[in-house]
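Undergrad: Would you mind keeping the following structure in view while I ask a few things?
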Amino acid sequence: MRELAVEVLAALMRAGLPPFNIEVAADENTSGVTLAQVPGRNTAVRAGWQQDPAAEGRMPAERWQEQQAAMHQALRRILSVQKFWIEDGPLGEAPIVLGTTRPPTAS
């Protein structure tokens with residue numbers, strides 16, 4: 001999983017998306033990509049977007065949620081374009097990345 005996480009983070013950074021840094025977020029406004037292990041699955045990683053934590057309190061909840069969903073859609077698209085295998089799921093949720101290439105389907 002570590003290798004996949006590194007590849008995902010590198011791909012997102014090439015697209016201009018910074019990693020989220022919790023230490024910086026405590027002192028400044030910051031947003032960025034988060035990666036998390038998918039419980040019970042040691043070969044998958046969830047790529048999420050963390051908006052500036054303070055922004056959640058400065059805007060209506062609906063707008064914050066819509067922005068979050070839009071960023072997750074963008075992450076899904078960016079990773080798909082870079083040939084990552086993304087698990088099917090709701091577009092507004094943080095995508096689950098399964099690997100760098102989709103296995104061939106049986107015909």
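Residue numbering restarts at 1 in every chain; chains get A, B, ... in the order shown in the structure tokens, and ligands count up from 1 in that same order.
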Neighbours of range 89-97 of chain A within 6 Å (only C-alpha atoms; same-chain residues fewer than 6 positions away dropped), as a PDB file with C-alpha atoms, in the first residue's frame?
TA:
```pdb
ATOM      1  CA  ALA A  44      -6.191   0.280  -1.657  1.00  0.00           C
ATOM      2  CA  VAL A  45      -5.852   3.908  -0.664  1.00  0.00           C
ATOM      3  CA  ARG A  46      -8.521   6.616  -0.350  1.00  0.00           C
ATOM      4  CA  ALA A  47      -7.505   9.960  -1.853  1.00  0.00           C
ATOM      5  CA  GLY A  48      -9.408  12.816  -0.271  1.00  0.00           C
ATOM      6  CA  ALA A  69     -17.786  16.833  -3.447  1.00  0.00           C
ATOM      7  CA  HIS A  72     -13.437  14.600  -4.877  1.00  0.00           C
ATOM      8  CA  GLN A  73     -14.822  14.471  -8.422  1.00  0.00           C
ATOM      9  CA  ARG A  76     -11.276  10.938  -9.366  1.00  0.00           C
TER      10      ARG A  76
END
```
Undergrad: Which of these residues is nearest to Val38 in chain A, using only C-alpha atoms: A:Val81, A:Ala61, A:Ala15, A:Met1?
TA: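 Nearest candidate to Val38 in chain A out of A:Val81, A:Ala61, A:Ala15, A:Met1: A:Met1.
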Undergrad: When you count only C-alpha atoms, which of these residues is closest to Gln68 in chain A: A:Ile86, A:Ala10, A:Leu4, A:Val33?
TA: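 Of all the options, A:Val33 lies closest to Gln68 in chain A.
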Undergrad: Identify all residues of chain A in alpha helix (DSSP H) (DSSP on the backbone) and supply them as an NGL selection string.
TA: :A and (2-14 or 22-25 or 55-58 or 61-81)
